[in-house]
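Okay, structure first, notes after.
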Amino acid sequence: WNDGNITDSQRDDFRKIYANGQWEFVIGGWVMQDEACTTYGADINQMTLGHQFLFQEFGAIPTKGWQIDPFGASSVTPTLNKLAGFDAHLIDRITNKQWYIDNQATQFTWRGSPSQGIKSDLFTEIMDGGTNAYCDWFFAFDFQTTVVNASNVDSYAKTFYSMVQARAANMRTPNILAAWGCDMAFQDALPLFSSMDYLIEYLQKPSLQEQNRVYVKYATLTEYFDAVKAWPFSVSYPVMSSGDFFPLDEG
């Protein structure tokens with residue numbers, strides 16, 4: 001942002017994108033901190049540093065946790081996040097993830113602190129998918145080498161529907177989070193967004209929506225969690241009292 005490679009015009013364009021709701025800052029810390037080796041003091045300091053910068057530059061106050069890549073998950077993180085004003089939290093790499101998927105338990109209220117009690121309650125979701133579920137959709141759609149076009153869009157659509165249907169049975173509402181990215185995936189973002197635009201436009205055809213009953217849209221993490229929580233039918237979520245997802249065993 002301040003390294004001299006970005007122009008004032010680009011900064012203004014980004015501020016407009018943010019103000020329009022097309023961009024959301026999640027976590028908001030200086031980093032996505034490790035959860036096994038760091039101290040709570042270090043976690044607080046790096047979050048404070050990041051949040052101060054975002055508020056000063058954009059007036060932004062992050063409210064969503066995005067701890068998708070640490071090796072295991074600590075109850076300290078959602079506790080600190082809730083005390084900092086967060087209202088939802090996303091994790092991924094945990095031991096025995098498949099049990100949570102098979103038992104519709106990937107969404108729960110995490111009560112991270114016995115002493116704080118319900119004040120530490122934070123709605124949490126474990127990403128559905130493989131070991132690195134945050135990369136599942138990216139790897140399934142190799143847009144970097146095979147862009148979406150008229151000749152292959154139907155094949156891509158069938159893959160998308162298949163992944164949605166596989167995940168729908170594991171969720172308590174009809175909302176599915178398709179996190180379309182991976183480590184450093186968007187360094188060359190144009191072909192990825194062009195392909196996603198093409199595929200999403202195709203999936204939004206009224207005939208396909210009626211046939212498959214799947215509605216697809218770009219969304220921020222807040223929009224996703226708002227849709228989950230706004231589901232009009234009665235849904236109950238288990239409460240996980242304290243406890244960490246350690247140690248991590250992905251073998």
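Naming scheme: A, B, ... for chains in displayed order of the structure tokens; residues 1 onward per chain; ligands 1 onward as shown.
All residues of protein, DNA or RNA that reach within 12 Å of range 154-156 of chain A, judged by only C-alpha atoms and not counting those fewer than 3 positions away in the chain, are Trp137, Ala140, Phe141, Asp142, Phe143, Thr146, Val147, Val148, Asn149, Ala150, Ser151, Thr159, Phe160, Tyr161, Ser162, Met163, Ser195, Met196, Tyr198, Leu199, Ile200, Glu201, Tyr202, Leu203, Lys205 and Leu208 of chain A.
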Open item on the list: Taking 5 positions as the minimum chain separation for residues in the same chain, which residues sit within 8 Å of Ile27 in chain A when counting only C-alpha atoms? Answer as JSON, numbers by chain.
Closed with: {"A": [32, 47, 62, 63, 64, 65, 66, 67]}
- [ ] Please provide the set of residues having any atom within 6 Å of range 112-126 of chain A, restricted to only C-alpha atoms, with same-chain residues fewer than 5 positions apart removed, written as a PyMOL selection string.
- [x] chain A and resi 75+79+82+88-92+106-107+242
Could you please take those selected residues and save N, CA, C and O atoms as an mmCIF file, in the first residue's frame?
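Output below, filename result_11.cif:
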```cif
data_model
loop_
_atom_site.group_PDB
_atom_site.id
_atom_site.type_symbol
_atom_site.label_atom_id
_atom_site.label_comp_id
_atom_site.auth_asym_id
_atom_site.auth_seq_id
_atom_site.Cartn_x
_atom_site.Cartn_y
_atom_site.Cartn_z
ATOM 1 N N SER A 75 -8.510 -22.261 21.195
ATOM 2 C CA SER A 75 -9.697 -21.577 21.716
ATOM 3 C C SER A 75 -9.392 -20.143 22.132
ATOM 4 O O SER A 75 -10.308 -19.332 22.294
ATOM 5 N N THR A 79 -11.801 -16.531 21.386
ATOM 6 C CA THR A 79 -12.099 -15.771 22.596
ATOM 7 C C THR A 79 -11.643 -14.329 22.449
ATOM 8 O O THR A 79 -12.400 -13.378 22.707
ATOM 9 N N LYS A 82 -13.808 -12.536 19.829
ATOM 10 C CA LYS A 82 -15.130 -12.132 20.319
ATOM 11 C C LYS A 82 -15.021 -10.906 21.214
ATOM 12 O O LYS A 82 -15.822 -9.961 21.099
ATOM 13 N N ALA A 88 -18.222 -13.810 13.960
ATOM 14 C CA ALA A 88 -18.140 -15.106 13.281
ATOM 15 C C ALA A 88 -16.679 -15.431 13.025
ATOM 16 O O ALA A 88 -15.820 -14.542 12.965
ATOM 17 N N HIS A 89 -16.423 -16.740 12.845
ATOM 18 C CA HIS A 89 -15.043 -17.214 12.796
ATOM 19 C C HIS A 89 -14.977 -18.416 11.860
ATOM 20 O O HIS A 89 -15.866 -19.274 11.880
ATOM 21 N N LEU A 90 -13.919 -18.477 11.043
ATOM 22 C CA LEU A 90 -13.747 -19.569 10.087
ATOM 23 C C LEU A 90 -12.405 -20.240 10.317
ATOM 24 O O LEU A 90 -11.378 -19.560 10.420
ATOM 25 N N ILE A 91 -12.409 -21.585 10.401
ATOM 26 C CA ILE A 91 -11.165 -22.341 10.557
ATOM 27 C C ILE A 91 -11.145 -23.468 9.530
ATOM 28 O O ILE A 91 -12.149 -23.737 8.862
ATOM 29 N N ASP A 92 -10.001 -24.135 9.405
ATOM 30 C CA ASP A 92 -9.907 -25.191 8.397
ATOM 31 C C ASP A 92 -9.093 -26.385 8.869
ATOM 32 O O ASP A 92 -9.606 -27.477 9.048
ATOM 33 N N THR A 106 -19.939 -28.958 11.369
ATOM 34 C CA THR A 106 -18.920 -27.994 10.951
ATOM 35 C C THR A 106 -19.277 -26.573 11.370
ATOM 36 O O THR A 106 -18.438 -25.680 11.293
ATOM 37 N N GLN A 107 -20.511 -26.352 11.790
ATOM 38 C CA GLN A 107 -20.924 -25.045 12.297
ATOM 39 C C GLN A 107 -21.352 -25.214 13.757
ATOM 40 O O GLN A 107 -22.166 -26.083 14.077
ATOM 41 N N SER A 242 -15.024 -24.496 25.488
ATOM 42 C CA SER A 242 -13.579 -24.466 25.591
ATOM 43 C C SER A 242 -12.967 -25.496 24.641
ATOM 44 O O SER A 242 -13.552 -25.889 23.648
#
```
Task: Close residues, Val235 in chain A itself excluded, 12 Å, only C-alpha atoms, min 4 positions apart in chain, as a ChimeraX atom specification - done: /A:104,107-108,171-174,228-231
Output N, CA, C and O atoms of each residue in that selection to a file, as an mmCIF file, in the first residue's frame.
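The result, written out as result_10.cif:
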```cif
data_model
loop_
_atom_site.group_PDB
_atom_site.id
_atom_site.type_symbol
_atom_site.label_atom_id
_atom_site.label_comp_id
_atom_site.auth_asym_id
_atom_site.auth_seq_id
_atom_site.Cartn_x
_atom_site.Cartn_y
_atom_site.Cartn_z
ATOM 1 N N GLN A 104 -22.703 -33.184 10.432
ATOM 2 C CA GLN A 104 -23.263 -31.835 10.312
ATOM 3 C C GLN A 104 -22.846 -30.951 11.484
ATOM 4 O O GLN A 104 -23.640 -30.196 12.037
ATOM 5 N N GLN A 107 -20.511 -26.352 11.790
ATOM 6 C CA GLN A 107 -20.924 -25.045 12.297
ATOM 7 C C GLN A 107 -21.352 -25.214 13.757
ATOM 8 O O GLN A 107 -22.166 -26.083 14.077
ATOM 9 N N PHE A 108 -20.817 -24.385 14.620
ATOM 10 C CA PHE A 108 -21.103 -24.508 16.042
ATOM 11 C C PHE A 108 -20.803 -23.191 16.737
ATOM 12 O O PHE A 108 -20.172 -22.292 16.169
ATOM 13 N N MET A 171 -24.443 -29.479 5.575
ATOM 14 C CA MET A 171 -24.711 -28.182 6.171
ATOM 15 C C MET A 171 -26.124 -28.117 6.741
ATOM 16 O O MET A 171 -27.019 -28.863 6.321
ATOM 17 N N ARG A 172 -26.350 -27.205 7.663
ATOM 18 C CA ARG A 172 -27.658 -27.080 8.319
ATOM 19 C C ARG A 172 -28.541 -26.032 7.660
ATOM 20 O O ARG A 172 -29.714 -25.903 8.010
ATOM 21 N N THR A 173 -27.979 -25.256 6.754
ATOM 22 C CA THR A 173 -28.772 -24.349 5.923
ATOM 23 C C THR A 173 -28.336 -24.570 4.474
ATOM 24 O O THR A 173 -27.318 -25.227 4.220
ATOM 25 N N PRO A 174 -29.058 -24.018 3.508
ATOM 26 C CA PRO A 174 -28.708 -24.236 2.103
ATOM 27 C C PRO A 174 -27.518 -23.391 1.621
ATOM 28 O O PRO A 174 -27.190 -23.432 0.433
ATOM 29 N N VAL A 228 -26.374 -17.363 6.459
ATOM 30 C CA VAL A 228 -26.495 -18.544 7.319
ATOM 31 C C VAL A 228 -27.357 -18.228 8.530
ATOM 32 O O VAL A 228 -28.285 -18.980 8.884
ATOM 33 N N LYS A 229 -27.077 -17.111 9.166
ATOM 34 C CA LYS A 229 -27.799 -16.768 10.402
ATOM 35 C C LYS A 229 -29.236 -16.322 10.135
ATOM 36 O O LYS A 229 -30.089 -16.399 11.029
ATOM 37 N N ALA A 230 -29.512 -15.857 8.904
ATOM 38 C CA ALA A 230 -30.853 -15.368 8.574
ATOM 39 C C ALA A 230 -31.770 -16.464 8.047
ATOM 40 O O ALA A 230 -32.938 -16.181 7.733
ATOM 41 N N TRP A 231 -31.273 -17.703 7.941
ATOM 42 C CA TRP A 231 -32.124 -18.779 7.452
ATOM 43 C C TRP A 231 -33.394 -18.846 8.299
ATOM 44 O O TRP A 231 -33.333 -18.961 9.521
#
```
- [ ] Give the strand (DSSP E or B) residues of range 58-217 of chain A, as DSSP finds them on the backbone, and put them as a PyMOL selection string.
- [x] chain A and resi 64-67+73+88-91+107-111+121-126
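You can rank A:Val164, A:Cys135, A:Ile176, A:Met184 by their closest distance to Ala227 in chain A using only C-alpha atoms, and at the top of that list sits A:Ile176.
Among the candidate residues A:Gln22, A:Asn103, A:Ser9, A:Asn2, the one lying nearest to Glu57 in chain A is A:Asn2, with distances computed using only C-alpha atoms.
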Open item on the list: Residues of range 50-175 of chain A classed as alpha helix (DSSP H) by DSSP on the backbone are to be reported as number ranges by chain.
Closed with: A: 50-58, 76-83, 97-102, 136-140, 153-168
Open item on the list: So, with only C-alpha atoms as the atoms that count, which of A:Asn20, A:Thr109, A:Gln56, A:Thr77 lies closest to Thr39 in chain A?
Closed with: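 Comparing A:Asn20, A:Thr109, A:Gln56, A:Thr77 against Thr39 in chain A, the winner is A:Thr77.
Taking only C-alpha atoms into account, Thr145 in chain A lies nearest to A:Leu192 out of the set A:Asp87, A:Thr38, A:Phe55, A:Leu192.
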Open item on the list: Using Å and a single decimal, report how far CA of Leu177 in chain A sits from CA of Leu190 in chain A.
Closed with: 21.9 Å
Open item on the list: Just the number, please: distance in Å from CA of Glu35 in chain A to CA of Asp69 in chain A, one decimal.
Closed with: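 So the two atoms, CA of Glu35 in chain A and CA of Asp69 in chain A, lie 9.9 Å apart.
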Open item on the list: Taking only C-alpha atoms into account, name the residue in A:Ala42, A:Ala133, A:Ala60, A:Leu80 that is nearest to Ala179 in chain A.
Closed with: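 Residue with the minimum atom-to-atom distance to Ala179 in chain A: A:Ala133.
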